[in-house]
Each structure stands twice: as structure tokens, then as C-alpha cells.
Amino acid sequence: MLDDFDTAEVQTGETTIFVRRSGSGPPLLLLHGFPQTHLMWRSAAPILARHFTVICADLRGYGRSGCPRSGAGHAPYSKRAMGRDMVAVMERLGFPRFSVAGHDRGGRVAYRLALDYQERVHRSAVLDVIPTEEAWARADARFALAFWPWSLLAQPEPLPERILAAAPEAIVDDALGAWGSPPTVFSAEARAAYVEALRDPARVHAICEEYRAAATCDREHDQADRRAGRRIASPVLALWSGRDR
């Protein structure tokens, strides 16, 4: 569970971001998805730390990071805002330029970082994602049934908050067992950590705000980039699971 990694709570100016750090070499930022926390990297991070300075971060609103107040437009939980957090974190840790790898929600933060901070991001890897606007544009019945958080958690409050808070175990079990990975991959300790994070009403609301941002301002940011012809300039690795829906 990364207990041998150093821990820190980094002030970004907008919130606090919890990180674990280990290793030496070029800096590599690892960003998790839903409903995970930084602990999703518990098996990969020690291996990567043999070659990199690895920083595993909790996105704002997730895990042990802060939950800044949101607003009507959900902008505080946009991937752009989450990317700003990570630039501030890496700067404060002494890494003005770094590589980033992200899975799921973290993958969306990773590509937004690579677009918005071309001079900061050396390389990026995105796992199991296509751009947010592209996902919405291609959404069909299969997408709606398989990836229910996109539509459910983006509903106006308080309905999705009440559902998440009422059944955190069911939410975590469905995500860990039905989205491409065998349930045996996840230890009881990791599952308990993910469930515990969903028992905090402030965190539950923040996660729903992040999904609302994906349905609104994140799409607008992607659309604006496409209209402007903006592209990621640094190398990108895109990977996806052969068993994912």
C-alpha cells in the first residue's frame, strides 16, 4: 500500500493535494481514476521508482486531497483546474518539467496537462481514455450501460450524491469487477480504502462535480482546442485493456 513512500500534503494555492513519493531519476507523476485513489498505483509505482522519481497524487476531491468549493459552472472540478493543481505540486516538489501517466479520470487530466502546459510536460501516457468530447460524441446505448457514472454522476445534485453515499460498497465492487479487471486483482485493503473515501459527503459531492464538469466545461475546453487546431506537442503513449467494455 505504498507505506514505504514518503508522504506530503502540498498547498497549491487553491487546495491541498496529497502525494506519495519515492525513487530517483526523471520525475513521473501518476494520476488515478474513479473510484480509486493514488493507491491504484500500489503495484506499479515501486517498480517505476527504480528508474524514476515517482509522485502518486490524489486528484482534488479524491482520496486525501482537498475538496474546494464548487460553483454553478463546475469549473473548480474541470480537468483544467485539476491540471493546475498538478503543475503547482510538481513545481513545489522541485520539478518544473515532468512526465505524467494517467488512468481513466487521471488520463483526462494528463492530456489536459499536456495541452495546457506544453513547456511543462515532457511525455504523457493515457490509459483507457479517449478525449472527453470524443467520448460524449460517440456515446451510444452500449456506452450508457457500461459506463453509467458518466450520465448518473453528472445529474444535478443531490440525487447522485445520495446514491453514492448510500451504497459505497456496491459502487466500488461494480467498478472493480465489471470494468475489465478480475476482482481478485484488488486486495481487501485497497477495496476498503476506496470504500472509505466514498463515506465522506464532501468527497462524494466533489466526485459528482468532477463528472458534471466532464459533461459541461471539459467538453467545451476540448471543443475549443479542436476548433483552434491545438495538438499535444510532446510524445504520447495511449494504451487500453483488451478486456475493457
# chains A, B, ... in the order shown; residues from 1 in each chain; ligands from 1
$ closest_atom_pairs --of "segment 147-237 of chain A" --to "segment 127-135 of chain A" --cutoff "7 Å" --atoms "only C-alpha atoms" --output "tab-separated table"
residue	atom	partner	partner_atom	distance
A:Ala214	CA	A:Thr132	CA	6.8
A:Asp218	CA	A:Thr132	CA	6.9
A:Arg219	CA	A:Glu133	CA	4.8
A:Asp222	CA	A:Glu133	CA	6.0
A:Gln223	CA	A:Glu133	CA	6.9
$ write_last_selection --atoms "N, CA and C atoms" --output "mmCIF file, in the first residue's frame"
data_model
loop_
_atom_site.group_PDB
_atom_site.id
_atom_site.type_symbol
_atom_site.label_atom_id
_atom_site.label_comp_id
_atom_site.auth_asym_id
_atom_site.auth_seq_id
_atom_site.Cartn_x
_atom_site.Cartn_y
_atom_site.Cartn_z
ATOM 1 N N ALA A 214 -17.159 17.151 -16.519
ATOM 2 C CA ALA A 214 -16.883 16.389 -17.743
ATOM 3 C C ALA A 214 -18.004 16.520 -18.755
ATOM 4 N N ASP A 218 -15.510 20.628 -19.428
ATOM 5 C CA ASP A 218 -14.453 19.818 -20.046
ATOM 6 C C ASP A 218 -14.721 19.637 -21.533
ATOM 7 N N ARG A 219 -15.964 19.412 -21.883
ATOM 8 C CA ARG A 219 -16.332 19.283 -23.293
ATOM 9 C C ARG A 219 -16.050 20.580 -24.040
ATOM 10 N N ASP A 222 -12.362 20.946 -24.720
ATOM 11 C CA ASP A 222 -11.940 20.073 -25.825
ATOM 12 C C ASP A 222 -12.405 20.635 -27.172
ATOM 13 N N GLN A 223 -13.641 21.108 -27.215
ATOM 14 C CA GLN A 223 -14.173 21.657 -28.461
ATOM 15 C C GLN A 223 -13.380 22.881 -28.907
#
$ residues_around --residues "Ala81 of chain A" --least-positions-apart "4" --cutoff "12 Å" --atoms "only C-alpha atoms" --output "list in words"
Thr12, Gly13, Glu14, Thr15, Leu59, Arg60, Gly61, Pro68, Ser70, His74, Ala75, Pro76, Tyr77, Asp85, Met86, Val87, Ala88, Arg108, Val109, Ala110, Arg112, Leu113, Asp116, Glu210, Ala213, Ala214, Cys217, Asp218 and His221 of chain A
$ select_by_dssp --residues "segment 75-207 of chain A" --states "alpha helix (DSSP H)" --output "ChimeraX atom specification"
/A:79-92,105-116,132-138,141-146,149-152,159-166,168-178,188-197,201-207
$ residues_around --residues "Ala175 of chain A" --least-positions-apart "3" --cutoff "12 Å" --atoms "only C-alpha atoms" --output "list in words"
Gly33, Phe34, Pro35, Gln36, Asp104, Ala146, Phe147, Trp148, Pro149, Pro168, Glu169, Ala170, Ile171, Val172, Ala178, Trp179, Gly180, Ser181, Pro182, Pro183, Phe186, Arg191, Tyr194, Val195, Asp244 and Arg245 of chain A
$ closest_residue --among "A:Thr16, A:Ser24, A:Ser43, A:Thr53" --to "Val89 of chain A" --atoms "only C-alpha atoms"
A:Thr16
$ residues_around --residues "Ser124 of chain A" --least-positions-apart "6" --cutoff "7 Å" --atoms "only C-alpha atoms" --output "list in words"
Ser99, Val100, Ala101, Ala110, Pro235, Val236 and Leu237 of chain A
